[in-house]
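Chemist: I have a structure here, written as structure tokens, and I will follow up with some questions on it.
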Amino acid sequence: MPVRFVTKLIKTLLGSSERDSEETETGTNITVERETGEESADDDDETGDLTEEEETEDLADEEEETENIADEEEETENIADEEEGTEDLTDEEEETENIADEEEETEDIADEDFGESVEEIRGIGPTYSDRLSGVDIETVDDLAGADPAAVAEAAEVSESRVTDWIAQAKDR
């Protein structure tokens with residue numbers, strides 16, 4: 001980790017102002033210590049007199065390690081939660097796919113048995129198709145033989161638009 005970043009982080013944690021950090025950054029010397037399994041008596045004398053900055057760095061490192069451990073534990077919990085939810089989600093996805101397949105089959109049967117859907121007409125989408133099916137107009141043939149005023153009222157559109165739809169239906 002860059003020394004300036006660590007120094008800035010420590011100063012931020014201690015509430016030191018930005019101006020103070022600029023003044024002290026130029027003359028700061030940081031000593032890097034190695035940790036070993038066994039410390040000799042000479043090492044105790046040298047490390048026993050830690051500067052305030054070194055103590056602050058040690059505290060910041062300990063805080064960072066604690067945060068990292070907490071983050072790892074949280075990630076582990078999230079992964080476990082996700083794995084539990086995956087089984088439920090898979091069942092839901094499978095059910096959704098089954099419903100979609102059944103709807104496609106129903107549409108295919110309707111197209112084969114009853115002719116083209118009114119959605120094949122330019123200007124009629126799912127919304128108008130639903131409105132028209134409310135008055136039993138589901139195919140192009142149904143639309144071709146329908147009364148323009150009744151269709152306009154059912155679809156909640158103008159009669160001129162319905163006249164265009166009916167003309168398209170008759171041309172098919």
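A note on labels: chains of the structure tokens are A, B, ... as shown, every chain counts residues from 1, and ligands are counted from 1 in their shown order.
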Show me, as a list of chain:residue names, the residues that have an atom within 8 Å of Glu138 of chain A when counting only C-alpha atoms, minus same-chain residues fewer than 6 positions from it.
Modeler: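 So, after excluding close chain neighbours, the residues are A:Ser117, A:Val118, A:Ser129, A:Leu132.
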Chemist: Which distance in Å separates atom CA of Glu67 of chain A and atom CA of Leu9 of chain A, to one decimal?
Modeler: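 Taking atom CA of Glu67 of chain A as the start and atom CA of Leu9 of chain A as the end point, the length is 14.4 Å.
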Chemist: Near Val6 of chain A, within 12 Å and counting only C-alpha atoms, which residues show up once chain neighbours fewer than 2 positions away are dropped, as a PyMOL selection string?
Modeler: chain A and resi 1-4+8-13+21+25+30+53-54+56-61+64
Chemist: Find the residues around Leu143 of chain A up to 9 Å (only C-alpha atoms counted), leave out those fewer than 2 positions away in its own chain, and share them as a VMD selection string.
Modeler: chain A and resid 118 132 137 to 141 145 to 148 151 165 to 166 169 to 170
Chemist: Atom CA of Ala154 of chain A and atom CA of Asp136 of chain A, how far apart in Å?
Modeler: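 Those two atoms sit 10.1 Å apart.
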Chemist: Which polymer residues have any atom within 12 Å of an atom of Val157 of chain A, counting only C-alpha atoms, with same-chain residues fewer than 3 positions away left out, as a list of chain:residue names?
Modeler: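 After dropping sequence-adjacent residues, the list is A:Gly123, A:Ile124, A:Thr127, A:Tyr128, A:Arg131, A:Leu132, A:Pro148, A:Ala149, A:Ala150, A:Val151, A:Ala152, A:Glu153, A:Ala154, A:Ser160, A:Arg161, A:Val162, A:Thr163, A:Asp164, A:Trp165.
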Chemist: Selected residues, C-alpha atoms, written as a PDB file, in the first residue's frame, please.
Modeler:
```pdb
ATOM      1  CA  GLY A 123     -51.838  -0.578 -35.481  1.00  0.00           C
ATOM      2  CA  ILE A 124     -53.323  -3.289 -33.271  1.00  0.00           C
ATOM      3  CA  THR A 127     -53.688  -3.673 -25.599  1.00  0.00           C
ATOM      4  CA  TYR A 128     -56.160  -3.182 -28.443  1.00  0.00           C
ATOM      5  CA  ARG A 131     -60.006  -4.753 -25.674  1.00  0.00           C
ATOM      6  CA  LEU A 132     -61.347  -6.305 -28.877  1.00  0.00           C
ATOM      7  CA  PRO A 148     -67.025   0.034 -37.007  1.00  0.00           C
ATOM      8  CA  ALA A 149     -68.934   1.907 -34.289  1.00  0.00           C
ATOM      9  CA  ALA A 150     -68.991  -1.117 -31.948  1.00  0.00           C
ATOM     10  CA  VAL A 151     -65.298  -1.796 -32.527  1.00  0.00           C
ATOM     11  CA  ALA A 152     -64.389   1.869 -31.941  1.00  0.00           C
ATOM     12  CA  GLU A 153     -66.279   1.870 -28.648  1.00  0.00           C
ATOM     13  CA  ALA A 154     -64.746  -1.435 -27.485  1.00  0.00           C
ATOM     14  CA  SER A 160     -61.617   6.405 -38.642  1.00  0.00           C
ATOM     15  CA  ARG A 161     -58.871   4.266 -37.100  1.00  0.00           C
ATOM     16  CA  VAL A 162     -61.267   1.297 -36.870  1.00  0.00           C
ATOM     17  CA  THR A 163     -62.294   1.815 -40.515  1.00  0.00           C
ATOM     18  CA  ASP A 164     -58.591   1.505 -41.459  1.00  0.00           C
ATOM     19  CA  TRP A 165     -58.262  -1.706 -39.396  1.00  0.00           C
TER      20      TRP A 165
END
```
Chemist: Would you work out the distance separating atom CA of Gly125 of chain A from atom CA of Asp171 of chain A, expressed in Å to one decimal?
Modeler: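 Between atom CA of Gly125 of chain A and atom CA of Asp171 of chain A the gap is 18.7 Å.
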